[in-house]
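**Student:** Take this structure, written in structure tokens, and hold onto it; I'll ask about it next.
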Amino acid sequence: MAIRIGIIGAGNIGSVHAAQFSQLGELCQITAITDVFLPLAEQRAKEYGIAEVLASPEALIQSDKVDAVVIGVPNQYHAELAIQAIEAGKHVLLEKPMGINADAARQILKASRSSDRVVMIAHQMRWESVPMQIKEQIDRGELGHIYTAKTGWYRRKGIPGWGTWFTRSDQSGGGPLIDIGVHMLDLALYLMGNPKPVSVYGATYAEFGPKRKGIGTWGKPNWDGIYDVEDLATALIKMDNGSTLSLEVSWAVHMDTDNTPFVHLMGTEGGASYRGAQGKLLTEKFNKPMEVPLIKPENDENERLRLSRHFLSCIQEGKQPITSALSGFTNNLVLDAIYESSRTGNEVKLDWNL
């Protein structure tokens, strides 16, 4: 029987999810959609052949025509809606970050642990072709012990929606660190074998946004709005197994950058680099450095389609998604610690108490 999907949030990311699930008609059916701006929900319903436009998230969550809820709304609403959906017996696909902060993510994790519903965070980078190829080699032991890694995403001029919820800390939780940094943190920890982060030292800066510089093309600016988040963040994260991860992200920076996300993994037997649609495996043989290029296959299925199919298969098979609620909480815990370290100037040890 096809899984019935309801989408909360008809904006850009909601449309992306609708497009992917619409391609999986043999596995699911999008039966409902809602948005605070109902005409936009009605537009998406026409675009993707969605039967019902419901008046509110609560109505969608309570609908007996919905088995699983996709949540693509501003960060401040993630916990409230996810918990409502879990308690209503719905499976949940939640956009990143899991929560606006670690406390919110902790609440979602607790709700998920008291339920048998699937709760998955939509970190699509884990399903990109090159990271998947790298992970395959890591699982075979080709890199040995990954003792340090470096990841980041430098956007030179990419502040999204200046003055909207994107740039308000009370609605987003932060700037590029929680927006795109969470992707890089999630991917790097996954490739490192999910070691447990125990402490961080970090710093954040706001040198562009307050001056209304560094504006990107994503979202429509609200010049009467607020900008009170960072536009660059940097951190060193220490793990319980002794490994370290360096994280650097920006929305805007004066730097020679190609605006491409990257991960560099350094292991005892080999290394790996990911940069956009390309990558490399690196090692030493016959006393010489050697490398193997990795590329995205020409007819590769897109990563969000793989993500969507994984969500559905987890529901069908009753299994944990690889981007589980615990992984989402881990990311939020690290992000909170980086912000706290920047505020205090001190190393911050992570509080894993639930």
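Identifiers for the structure tokens are assigned positionally: chains receive A, B, ... in sequence, residues are indexed from 1 per chain, and ligands are indexed from 1 in the order shown.
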List the neighbours of A:Leu93 out to 12 Å using only C-alpha atoms; skip same-chain residues closer than 5 positions along the sequence, and give me the result as a ChimeraX atom specification.

**Tutor:** /A:5-8,14,17,21,67-73,78,81-83,85-86,98,112,117-124,307-312,314-315,321,323-325,328

**Student:** Could the residues in this selection be written to a file with C-alpha atoms, as an mmCIF file, in the first residue's frame?

**Tutor:**
```
data_model
loop_
_atom_site.group_PDB
_atom_site.id
_atom_site.type_symbol
_atom_site.label_atom_id
_atom_site.label_comp_id
_atom_site.auth_asym_id
_atom_site.auth_seq_id
_atom_site.Cartn_x
_atom_site.Cartn_y
_atom_site.Cartn_z
ATOM 1 C CA ILE A 5 2.526 11.963 2.441
ATOM 2 C CA GLY A 6 1.485 15.345 3.830
ATOM 3 C CA ILE A 7 3.723 18.391 3.337
ATOM 4 C CA ILE A 8 3.856 21.276 5.825
ATOM 5 C CA GLY A 14 8.535 22.145 0.318
ATOM 6 C CA HIS A 17 10.209 17.552 -1.509
ATOM 7 C CA PHE A 21 7.995 12.252 -3.821
ATOM 8 C CA ASP A 67 0.734 8.538 7.178
ATOM 9 C CA ALA A 68 3.926 10.612 7.066
ATOM 10 C CA VAL A 69 4.599 14.323 7.433
ATOM 11 C CA VAL A 70 7.307 16.334 5.677
ATOM 12 C CA ILE A 71 8.173 19.500 7.617
ATOM 13 C CA GLY A 72 9.786 22.315 5.619
ATOM 14 C CA VAL A 73 9.150 25.479 7.652
ATOM 15 C CA HIS A 78 10.483 22.375 13.840
ATOM 16 C CA LEU A 81 5.347 20.421 14.630
ATOM 17 C CA ALA A 82 7.591 17.352 14.724
ATOM 18 C CA ILE A 83 6.474 16.449 18.246
ATOM 19 C CA ALA A 85 3.242 14.682 14.334
ATOM 20 C CA ILE A 86 5.056 11.975 16.317
ATOM 21 C CA MET A 98 16.559 19.313 13.502
ATOM 22 C CA SER A 112 10.933 9.848 18.875
ATOM 23 C CA ARG A 117 7.504 6.134 14.199
ATOM 24 C CA VAL A 118 10.334 6.918 11.772
ATOM 25 C CA VAL A 119 11.922 10.323 12.423
ATOM 26 C CA MET A 120 14.450 11.327 9.774
ATOM 27 C CA ILE A 121 16.429 14.519 9.179
ATOM 28 C CA ALA A 122 16.716 15.628 5.534
ATOM 29 C CA HIS A 123 20.505 15.831 5.128
ATOM 30 C CA GLN A 124 20.687 15.159 1.403
ATOM 31 C CA LEU A 307 16.837 10.485 0.377
ATOM 32 C CA SER A 308 13.089 10.303 -0.254
ATOM 33 C CA ARG A 309 13.259 6.629 -1.178
ATOM 34 C CA HIS A 310 15.278 5.897 1.976
ATOM 35 C CA PHE A 311 12.597 7.564 4.111
ATOM 36 C CA LEU A 312 9.900 5.439 2.529
ATOM 37 C CA CYS A 314 12.523 2.939 6.554
ATOM 38 C CA ILE A 315 8.758 3.240 7.047
ATOM 39 C CA PRO A 321 17.173 6.067 8.959
ATOM 40 C CA THR A 323 20.022 10.472 9.425
ATOM 41 C CA SER A 324 18.203 9.559 12.620
ATOM 42 C CA ALA A 325 16.878 11.802 15.369
ATOM 43 C CA GLY A 328 20.116 15.527 14.325
#
```

**Student:** Which residues are close to A:Asp240, i.e. within 7 Å by only C-alpha atoms, leaving aside same-chain residues fewer than 6 positions away? Reply as a list in words.

**Tutor:** Pro195, Lys196, Pro197 and Val198 of chain A

**Student:** So what do you get for atom CA of A:Thr167 versus atom CA of A:Trp352, distance-wise?

**Tutor:** 28.3 Å

**Student:** Under the rule that only C-alpha atoms are counted, which of A:Glu301, A:Asp179, A:Glu52, A:Glu291 is the nearest residue to A:Gln23?

**Tutor:**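 Between A:Glu301, A:Asp179, A:Glu52, A:Glu291, the residue approaching A:Gln23 most closely is A:Glu301.
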
**Student:** From the set A:Arg304, A:Lys96, A:Lys285, A:Arg4, which residue has the shortest atom-to-atom contact distance to A:Asp186, counting only C-alpha atoms?

**Tutor:** A:Lys96

**Student:** If you measure from atom CA of A:Gly173 to atom CA of A:Ser15, what distance in Å do you get, rounded to one decimal?

**Tutor:**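 For atom CA of A:Gly173 relative to atom CA of A:Ser15, the distance reads 23.0 Å.
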
**Student:** Could you check which of A:Thr260, A:Gln43, A:Asn241, A:Gln137 is closest to A:Ala18, using only C-alpha atoms?

**Tutor:**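 Looking at the shortest contact to A:Ala18, the residue is A:Gln43.
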
**Student:** Select, from A:Gln133, A:Ile3, A:Ser56, A:Ala105, the residue with the minimum atom-to-atom distance to A:Ile30, counting only C-alpha atoms.

**Tutor:** A:Ile3

**Student:** What does the structure give for the distance between atom CA of A:Ala19 and atom CA of A:Ala104, in Å to one decimal?

**Tutor:** 28.5 Å
